[in-house]
Amino acid sequence: MSDRSFGEPPRRPLTAAVVLVVLGVVAALGIWDVQPPAPRPASISAAEFSAARAFEHVEHIGQEVHVTGSPAATRVRSYITDTLRSYGLAPQVQDTVGVNAGKFGDGGMAHVDNVVAVLPGTDPTGQVVLMAHYDSVQVSYGANDDGAGSSTLLEVARALTQGGAAKPRNDVVFVFTDAEEACLCGAEAFVGQHPLGQKQSVVLNFEARGSSGPAVMFQTSEGNADLIDVYAKTPEPVGTSLAVEVYRLLSNDTDFTPVLAQSRFTGLNIAYIDGSWVYHSPFDRTTTMNRASLQHHGDEALALARAFGRADLGPLMKPASGDAVYFPFAGFLVRYPAALTWPLAILALLAVGALVFLARRRGLTSVPRTLAGLGLALVPLIAVAVAAQLLWALLVAIRPGYGELLDPARPTWFRFGVVALTAAVLLCWYALSRRRVGPVPLATGALGLLALLGAVFAAAIPGGSYLVALPALAGALAGIAALYVRHPLARLAVLTVSAAVATLILAPTVALFFPALGLATGAAPALFGMLLGLAVLPVLEPLYRASTEPRRRRLGSAPALAALLVALVCTTVGMINDNWDARHPEPTHLMYALDRDTGTAEWVSLEQSPGDWTRQYVKSHQQLNRQFPVLPEGELSVGPAEAANLPAPQATVVSDEKSGDQRTLTLHIASQRDVRFLSFYGEVGDHRVLSATVAGRSAKTYIADQDRFGVVFHGPPPAGLDVTLVLRGTEPYKLRLVDGSDGLTGLPGFTPRPATVGVFGSHSSELLAVAVTQTL
């Protein structure tokens, strides 16, 4: 084989530099296309969405912690209803009890006050529901989560009612749900009890899991092809069918979960997700919100409200015949029917096979060498995943507070570091393999691996097959064309075009998955980056000396060493730039658990490797979920605490009736403190509860994860809860009661955190729990 590459371009270093610059620009443009637009001022047309106008709502909603059932939540709800009335709407408050309809099934219930308002259509064919939740978690101001969604709905309501445009044809329903953070109970109450929740609808849910980034459409109902056609025509659509496939496999929940549980709904779920360090933390405030993200949220919400508002909703309120495959590409949302997934995957395999056949006839490869290249292509994929996770483990070892985060507060330099590390692994592997196997066998083997992965993805996650099948197809077709183009620069140009196609497909995915999964799962974006590297191998060849020239090890290792140096510099700058300070404090978790049965108390932390501040309180590890079922299973960091003089919740027997082998207990359960939740549980392994009614709603009789009966009631009335239990057997029944309030200040032994130590965003941060056992 006298010429082992697709062609030897002149001036290899200069040619390589030009190609890399071109691909860098293409990657930057592809990533730029999925960034949020600039925020618009309040002075723009009343018909448009203004982030400045919406931000005025954020300032009201996110000015204080407003957990379900709190006076602050009442003030937020009043602001929402007053604002809707000022637009000429007639909001109603749905005052009821909701039951957890999420994937976890933890026995959650809540008293909820949903706000529902209707903009009647001129000639309705159905209704479109815009949904966001207005409650926050117990330590968060909720400016982003979900002040962004609630403020978006308010500004959309203003634009539709006062913007001067024609009124929508279809009814537009605005739903501001309560208790999403607690148990998705507001959404469950709407879809389960409200009259408007019984109608067929297109539902659009708006969320935020962070403070910045584009508004990504990350979840859909099944049979989404028709909905995607509408979504693709919004001003700046950002979404990928891969995200939908991945999210369907995860246990994550939003208010969209109880919506999808009902076949009468179709819809889309949209959120911005970067800046996750503020998520559920005290730093989810107006000062951390990126108004460009709010603008993108609003642009999509208003465009979708208008598009669905004027559409014939009959077909859209039913699942289409199939899902769509879609992804951002060169400023567009490319989409095609999922039915084409397998044909494209097979076509990619055939194209790679044709390339190998033709390259073999030219003496550039052989079947054994291509198969060797395919097997070797697995090496950098595995290596980069391991390297990315080792990098995160190193960062956590140096700075333990990172272990509580999905991403550092300032992740940009670290992300550049992972990209550079991916390039270093790729270039090192290529330098070590190209002379032994040959550039063309490596390139065709890599394309073969991509095509095989396209078939695997088509079977497992059809919405993600395009990520590898299309680059493999483009690369194979370009390789075939390059075999018949005589001029070396023309050959390189053809290969560069296919590399640019792969870059436009994969670079935005890398950019979107960094915030989606964080550096804590940095292997995912690193793997996507490596797939891109494998797709562009032919245009990397000019970085090295021609295969016919003598080997120079130093020159051959230079590209990989340069990339590794960039990775080290970026990571170092990231560490220097991301020091803990008052604006970005080290996240810590601490709660207090008092057992009135024993008169003992414990400090408890979810930190597995507690930092310096937390170590003042916790000294060992212990399982506590039996005594305090609101805590997760497994060993937690604990330490002895002084028992505070706090009353325990109490169950009072109202009536006790026995009939045969059954016992019906009517109880009144109340807390003796001002609490956020009130919970009660049977013994572990007990299956005696045949039915349970709490505050008029049926409750779960068994929590599989805890192997017991249990209810966690959020926002309980101050007077307490009426509970009816039907038990198997007439013997005494033990009930474990736990209530929880927020705030550790004033507890004996607690010292307030210094400015550089913060609170980790968690549903149990700063929790004060009191438990007692009663035998009934």
# chains A, B, ... in the order shown; residues from 1 in each chain; ligands from 1
$ select_by_dssp --residues "range 203-330 of chain A" --states "strand (DSSP E)" --output "ChimeraX atom specification"
/A:203-208,212-220,265-274,324-329
$ write_last_selection --atoms "N, CA, C and O atoms" --output "tab-separated table (two decimals), in the first residue's frame"
chain	number	residue	atom	x	y	z
A	203	VAL	N	-50.96	20.25	26.39
A	203	VAL	CA	-50.41	20.84	27.60
A	203	VAL	C	-48.96	21.24	27.36
A	203	VAL	O	-48.16	20.45	26.86
A	204	LEU	N	-48.65	22.48	27.73
A	204	LEU	CA	-47.29	23.00	27.63
A	204	LEU	C	-46.81	23.35	29.03
A	204	LEU	O	-47.37	24.24	29.67
A	205	ASN	N	-45.81	22.64	29.52
A	205	ASN	CA	-45.31	22.86	30.88
A	205	ASN	C	-43.97	23.60	30.81
A	205	ASN	O	-43.11	23.28	29.98
A	206	PHE	N	-43.79	24.58	31.71
A	206	PHE	CA	-42.58	25.41	31.68
A	206	PHE	C	-41.89	25.33	33.04
A	206	PHE	O	-42.49	25.60	34.08
A	207	GLU	N	-40.62	24.95	32.99
A	207	GLU	CA	-39.83	24.69	34.20
A	207	GLU	C	-38.46	25.37	34.10
A	207	GLU	O	-38.10	25.92	33.06
A	208	ALA	N	-37.70	25.29	35.19
A	208	ALA	CA	-36.31	25.75	35.19
A	208	ALA	C	-35.54	24.93	36.21
A	208	ALA	O	-35.98	24.81	37.36
A	212	SER	N	-29.74	29.66	33.86
A	212	SER	CA	-29.30	30.17	32.57
A	212	SER	C	-29.42	29.09	31.51
A	212	SER	O	-29.89	27.99	31.77
A	213	GLY	N	-28.95	29.43	30.30
A	213	GLY	CA	-28.98	28.49	29.19
A	213	GLY	C	-30.24	28.62	28.36
A	213	GLY	O	-31.19	29.32	28.73
A	214	PRO	N	-30.28	27.94	27.22
A	214	PRO	CA	-31.46	27.99	26.37
A	214	PRO	C	-32.63	27.25	26.99
A	214	PRO	O	-32.46	26.35	27.81
A	215	ALA	N	-33.84	27.63	26.59
A	215	ALA	CA	-35.04	26.89	26.98
A	215	ALA	C	-35.14	25.67	26.07
A	215	ALA	O	-35.39	25.79	24.88
A	216	VAL	N	-34.91	24.51	26.64
A	216	VAL	CA	-34.82	23.27	25.88
A	216	VAL	C	-36.14	22.50	26.00
A	216	VAL	O	-36.65	22.30	27.10
A	217	MET	N	-36.66	22.08	24.87
A	217	MET	CA	-37.83	21.20	24.89
A	217	MET	C	-37.31	19.78	25.05
A	217	MET	O	-36.79	19.18	24.12
A	218	PHE	N	-37.46	19.24	26.27
A	218	PHE	CA	-36.76	18.01	26.62
A	218	PHE	C	-37.66	16.81	26.82
A	218	PHE	O	-37.18	15.70	27.03
A	219	GLN	N	-38.99	17.01	26.77
A	219	GLN	CA	-39.89	15.88	27.01
A	219	GLN	C	-41.17	16.10	26.21
A	219	GLN	O	-41.65	17.23	26.09
A	220	THR	N	-41.71	15.02	25.68
A	220	THR	CA	-42.96	15.09	24.92
A	220	THR	C	-43.85	13.92	25.31
A	220	THR	O	-43.40	12.94	25.91
A	265	PHE	N	-54.27	13.72	27.20
A	265	PHE	CA	-53.37	14.86	27.00
A	265	PHE	C	-52.24	14.52	26.05
A	265	PHE	O	-51.70	13.40	26.05
A	266	THR	N	-51.87	15.49	25.24
A	266	THR	CA	-50.58	15.49	24.54
A	266	THR	C	-49.86	16.76	24.96
A	266	THR	O	-50.47	17.66	25.55
A	267	GLY	N	-48.56	16.85	24.69
A	267	GLY	CA	-47.91	18.09	25.09
A	267	GLY	C	-46.41	18.06	25.06
A	267	GLY	O	-45.78	17.07	24.67
A	268	LEU	N	-45.83	19.19	25.50
A	268	LEU	CA	-44.40	19.42	25.49
A	268	LEU	C	-43.96	19.95	26.85
A	268	LEU	O	-44.71	20.68	27.51
A	269	ASN	N	-42.75	19.60	27.25
A	269	ASN	CA	-42.17	20.06	28.51
A	269	ASN	C	-40.89	20.83	28.19
A	269	ASN	O	-40.01	20.32	27.49
A	270	ILE	N	-40.79	22.06	28.69
A	270	ILE	CA	-39.71	22.96	28.30
A	270	ILE	C	-39.06	23.54	29.55
A	270	ILE	O	-39.75	23.93	30.50
A	271	ALA	N	-37.73	23.61	29.57
A	271	ALA	CA	-37.02	24.18	30.72
A	271	ALA	C	-35.65	24.67	30.29
A	271	ALA	O	-35.07	24.15	29.34
A	272	TYR	N	-35.14	25.67	31.00
A	272	TYR	CA	-33.70	25.96	30.87
A	272	TYR	C	-33.00	25.33	32.06
A	272	TYR	O	-33.53	25.26	33.16
A	273	ILE	N	-31.77	24.83	31.82
A	273	ILE	CA	-31.19	23.91	32.79
A	273	ILE	C	-29.73	24.20	33.13
A	273	ILE	O	-29.12	23.46	33.90
A	274	ASP	N	-29.16	25.26	32.58
A	274	ASP	CA	-27.76	25.58	32.94
A	274	ASP	C	-27.75	26.38	34.24
A	274	ASP	O	-28.76	26.90	34.68
A	324	ALA	N	-41.27	11.81	16.14
A	324	ALA	CA	-40.37	12.42	15.17
A	324	ALA	C	-38.94	12.32	15.69
A	324	ALA	O	-38.71	12.30	16.90
A	325	VAL	N	-38.01	12.25	14.77
A	325	VAL	CA	-36.59	12.43	15.09
A	325	VAL	C	-36.26	13.88	14.75
A	325	VAL	O	-36.60	14.35	13.67
A	326	TYR	N	-35.64	14.58	15.66
A	326	TYR	CA	-35.37	16.00	15.42
A	326	TYR	C	-34.11	16.42	16.16
A	326	TYR	O	-33.74	15.83	17.18
A	327	PHE	N	-33.46	17.45	15.64
A	327	PHE	CA	-32.23	17.95	16.24
A	327	PHE	C	-31.89	19.30	15.62
A	327	PHE	O	-32.28	19.60	14.47
A	328	PRO	N	-31.14	20.15	16.35
A	328	PRO	CA	-30.74	21.44	15.79
A	328	PRO	C	-29.63	21.25	14.77
A	328	PRO	O	-28.69	20.47	14.97
A	329	PHE	N	-29.74	21.98	13.66
A	329	PHE	CA	-28.74	21.86	12.60
A	329	PHE	C	-28.73	23.16	11.79
A	329	PHE	O	-29.73	23.50	11.14
$ closest_atom_pairs --of "range 218-288 of chain A" --to "range 15-35 of chain A" --cutoff "10 Å" --atoms "only C-alpha atoms" --output "JSON lines"
{"residue": "A:Glu236", "atom": "CA", "partner": "A:Val34", "partner_atom": "CA", "distance": 7.8}
{"residue": "A:Pro237", "atom": "CA", "partner": "A:Val34", "partner_atom": "CA", "distance": 8.0}
{"residue": "A:Val238", "atom": "CA", "partner": "A:Val34", "partner_atom": "CA", "distance": 5.9}
{"residue": "A:Gly239", "atom": "CA", "partner": "A:Val34", "partner_atom": "CA", "distance": 8.7}
$ write_last_selection --atoms "C-alpha atoms" --output "PDB file, in the first residue's frame"
ATOM      1  CA  GLU A 236     -35.675  29.653  18.282  1.00  0.00           C
ATOM      2  CA  PRO A 237     -36.532  25.975  18.793  1.00  0.00           C
ATOM      3  CA  VAL A 238     -33.963  24.065  20.847  1.00  0.00           C
ATOM      4  CA  GLY A 239     -34.513  20.385  21.372  1.00  0.00           C
TER       5      GLY A 239
END
$ residues_around --residues "Thr286 in chain A" --least-positions-apart "3" --cutoff "7 Å" --atoms "only C-alpha atoms" --output "short mmCIF file (atom, residue, chain, number, x, y, z; two decimals) with C-alpha atoms, in the first residue's frame"
data_model
loop_
_atom_site.label_atom_id
_atom_site.label_comp_id
_atom_site.auth_asym_id
_atom_site.auth_seq_id
_atom_site.Cartn_x
_atom_site.Cartn_y
_atom_site.Cartn_z
CA VAL A 58 -40.07 37.43 38.91
CA GLU A 59 -39.16 40.14 41.40
CA GLY A 62 -38.95 35.33 43.96
CA ALA A 143 -36.94 32.97 41.26
CA MET A 289 -31.41 34.77 36.74
#
$ closest_residue --among "A:Gly639, A:Pro168, A:Pro13, A:Gly720" --to "Leu667 in chain A" --atoms "only C-alpha atoms"
A:Gly720
$ closest_residue --among "A:Pro610, A:Gly353, A:Gly749, A:Pro91" --to "Ala641 in chain A" --atoms "only C-alpha atoms"
A:Gly749
$ select_by_dssp --residues "range 495-557 of chain A" --states "alpha helix (DSSP H)" --output "number ranges by chain"
A: 495-517, 523-535, 537-540, 553-557
$ residues_around --residues "Trp342 in chain A" --least-positions-apart "4" --cutoff "8 Å" --atoms "only C-alpha atoms" --output "number ranges by chain"
A: 346, 455, 458
$ write_last_selection --atoms "N, CA, C and O atoms" --output "PDB file, in the first residue's frame"
ATOM      1  N   ILE A 346     -29.535   1.519   8.271  1.00  0.00           N
ATOM      2  CA  ILE A 346     -29.100   0.488   7.311  1.00  0.00           C
ATOM      3  C   ILE A 346     -28.340   1.124   6.152  1.00  0.00           C
ATOM      4  O   ILE A 346     -27.316   0.586   5.681  1.00  0.00           O
ATOM      5  N   ALA A 455     -27.306   1.468  14.373  1.00  0.00           N
ATOM      6  CA  ALA A 455     -28.267   0.360  14.406  1.00  0.00           C
ATOM      7  C   ALA A 455     -28.640  -0.007  15.843  1.00  0.00           C
ATOM      8  O   ALA A 455     -29.807  -0.280  16.146  1.00  0.00           O
ATOM      9  N   ALA A 458     -30.932   2.625  17.056  1.00  0.00           N
ATOM     10  CA  ALA A 458     -32.238   2.490  16.407  1.00  0.00           C
ATOM     11  C   ALA A 458     -33.104   1.479  17.140  1.00  0.00           C
ATOM     12  O   ALA A 458     -34.324   1.627  17.212  1.00  0.00           O
TER      13      ALA A 458
END
$ residues_around --residues "Leu426 in chain A" --least-positions-apart "4" --cutoff "10 Å" --atoms "only C-alpha atoms" --output "PyMOL selection string"
chain A and resi 377+379-381+383-384+420-422+430-431+529-531+533-534+537+559-560+563
$ write_last_selection --atoms "all heavy atoms" --output "short mmCIF file (atom, residue, chain, number, x, y, z; two decimals), in the first residue's frame"
data_model
loop_
_atom_site.label_atom_id
_atom_site.label_comp_id
_atom_site.auth_asym_id
_atom_site.auth_seq_id
_atom_site.Cartn_x
_atom_site.Cartn_y
_atom_site.Cartn_z
N ALA A 377 -11.41 1.56 17.55
CA ALA A 377 -12.20 2.77 17.78
C ALA A 377 -12.95 2.73 19.11
O ALA A 377 -13.35 3.78 19.63
CB ALA A 377 -13.17 2.98 16.63
N VAL A 379 -11.55 1.88 21.83
CA VAL A 379 -10.58 2.24 22.87
C VAL A 379 -10.74 3.70 23.31
O VAL A 379 -10.87 3.98 24.51
CB VAL A 379 -9.14 1.95 22.40
CG1 VAL A 379 -8.13 2.48 23.42
CG2 VAL A 379 -8.95 0.46 22.17
N PRO A 380 -10.73 4.67 22.39
CA PRO A 380 -10.88 6.06 22.86
C PRO A 380 -12.24 6.34 23.48
O PRO A 380 -12.35 7.20 24.37
CB PRO A 380 -10.65 6.89 21.59
CG PRO A 380 -10.96 5.97 20.46
CD PRO A 380 -10.52 4.62 20.93
N LEU A 381 -13.29 5.65 23.04
CA LEU A 381 -14.61 5.85 23.65
C LEU A 381 -14.59 5.45 25.12
O LEU A 381 -15.11 6.17 25.99
CB LEU A 381 -15.67 5.04 22.90
CG LEU A 381 -16.14 5.59 21.56
CD1 LEU A 381 -17.07 4.60 20.88
CD2 LEU A 381 -16.85 6.93 21.74
N ALA A 383 -11.83 5.04 26.95
CA ALA A 383 -10.80 5.82 27.65
C ALA A 383 -11.30 7.21 28.02
O ALA A 383 -11.04 7.70 29.13
CB ALA A 383 -9.54 5.92 26.78
N VAL A 384 -12.04 7.86 27.13
CA VAL A 384 -12.46 9.24 27.42
C VAL A 384 -13.55 9.25 28.50
O VAL A 384 -13.60 10.18 29.32
CB VAL A 384 -12.94 9.95 26.14
CG1 VAL A 384 -14.36 9.53 25.74
CG2 VAL A 384 -12.85 11.45 26.31
N ALA A 420 -10.98 19.56 25.72
CA ALA A 420 -9.56 19.41 25.39
C ALA A 420 -9.04 18.04 25.79
O ALA A 420 -8.23 17.44 25.08
CB ALA A 420 -8.75 20.51 26.08
N LEU A 421 -9.52 17.52 26.93
CA LEU A 421 -9.11 16.18 27.35
C LEU A 421 -9.60 15.14 26.34
O LEU A 421 -8.88 14.18 26.02
CB LEU A 421 -9.69 15.88 28.74
CG LEU A 421 -9.37 14.52 29.33
CD1 LEU A 421 -7.88 14.35 29.55
CD2 LEU A 421 -10.12 14.32 30.65
N THR A 422 -10.82 15.33 25.82
CA THR A 422 -11.35 14.43 24.80
C THR A 422 -10.46 14.47 23.56
O THR A 422 -10.13 13.41 22.98
CB THR A 422 -12.79 14.85 24.43
OG1 THR A 422 -13.59 14.81 25.60
CG2 THR A 422 -13.37 13.91 23.39
N TYR A 430 -4.91 8.13 18.05
CA TYR A 430 -4.69 8.16 16.61
C TYR A 430 -3.20 8.10 16.28
O TYR A 430 -2.78 7.38 15.36
CB TYR A 430 -5.31 9.42 16.01
CG TYR A 430 -5.35 9.42 14.50
CD1 TYR A 430 -6.18 8.54 13.82
CD2 TYR A 430 -4.56 10.30 13.76
CE1 TYR A 430 -6.23 8.53 12.44
CE2 TYR A 430 -4.60 10.30 12.37
CZ TYR A 430 -5.44 9.41 11.72
OH TYR A 430 -5.48 9.40 10.35
N ALA A 431 -2.39 8.85 17.05
CA ALA A 431 -0.95 8.85 16.79
C ALA A 431 -0.34 7.47 17.01
O ALA A 431 0.57 7.05 16.27
CB ALA A 431 -0.26 9.87 17.70
N GLY A 529 -18.43 14.00 22.32
CA GLY A 529 -17.28 14.64 21.70
C GLY A 529 -16.37 13.65 21.00
O GLY A 529 -15.84 13.92 19.91
N MET A 530 -16.20 12.46 21.60
CA MET A 530 -15.36 11.44 20.97
C MET A 530 -16.01 10.89 19.71
O MET A 530 -15.32 10.58 18.72
CB MET A 530 -15.07 10.32 21.97
CG MET A 530 -14.08 9.28 21.44
SD MET A 530 -12.47 10.00 20.95
CE MET A 530 -11.82 10.45 22.56
N LEU A 531 -17.34 10.74 19.73
CA LEU A 531 -18.03 10.31 18.51
C LEU A 531 -17.78 11.30 17.38
O LEU A 531 -17.57 10.90 16.22
CB LEU A 531 -19.53 10.17 18.78
CG LEU A 531 -19.96 9.04 19.72
CD1 LEU A 531 -21.46 9.14 20.01
CD2 LEU A 531 -19.63 7.68 19.11
N GLY A 533 -15.12 13.18 17.16
CA GLY A 533 -13.72 12.98 16.77
C GLY A 533 -13.54 11.81 15.83
O GLY A 533 -12.79 11.89 14.84
N LEU A 534 -14.23 10.71 16.09
CA LEU A 534 -14.14 9.55 15.21
C LEU A 534 -14.72 9.84 13.84
O LEU A 534 -14.25 9.29 12.83
CB LEU A 534 -14.88 8.36 15.85
CG LEU A 534 -14.27 7.81 17.14
CD1 LEU A 534 -15.15 6.71 17.71
CD2 LEU A 534 -12.85 7.28 16.90
N LEU A 537 -11.99 11.85 11.55
CA LEU A 537 -10.60 11.36 11.49
C LEU A 537 -9.88 11.69 10.18
O LEU A 537 -8.70 12.07 10.22
CB LEU A 537 -10.58 9.84 11.72
CG LEU A 537 -10.72 9.34 13.16
CD1 LEU A 537 -10.58 7.84 13.20
CD2 LEU A 537 -9.71 10.00 14.08
N PRO A 559 0.50 16.95 18.76
CA PRO A 559 -0.92 17.33 18.85
C PRO A 559 -1.60 16.88 20.15
O PRO A 559 -2.33 17.65 20.77
CB PRO A 559 -1.54 16.65 17.63
CG PRO A 559 -0.42 16.51 16.66
CD PRO A 559 0.77 16.20 17.50
N ALA A 560 -1.33 15.63 20.56
CA ALA A 560 -1.95 15.13 21.79
C ALA A 560 -1.43 15.88 23.01
O ALA A 560 -2.20 16.23 23.92
CB ALA A 560 -1.69 13.63 21.94
N ALA A 563 -3.05 19.31 23.19
CA ALA A 563 -4.43 19.22 23.69
C ALA A 563 -4.44 18.95 25.19
O ALA A 563 -5.26 19.51 25.93
CB ALA A 563 -5.19 18.13 22.94
#
$ residues_around --residues "range 131-133 of chain A" --least-positions-apart "5" --cutoff "8 Å" --atoms "only C-alpha atoms" --output "count of residues only"
18
$ closest_residue --among "A:His714, A:Lys318, A:Arg728, A:Arg415" --to "His687 in chain A" --atoms "only C-alpha atoms"
A:Arg728
$ residues_around --residues "range 109-111 of chain A" --least-positions-apart "5" --cutoff "9 Å" --atoms "only C-alpha atoms" --output "ChimeraX atom specification"
/A:68-69,95-100,178-179,182-186,677,694-695,697,699,711-717
$ atom_distance --atom1 "CA of Ala187 in chain A" --atom2 "CA of Pro258 in chain A"
6.5 Å
$ closest_residue --among "A:Tyr484, A:Trp392, A:Phe750, A:Phe308" --to "Val173 in chain A" --atoms "only C-alpha atoms"
A:Phe308
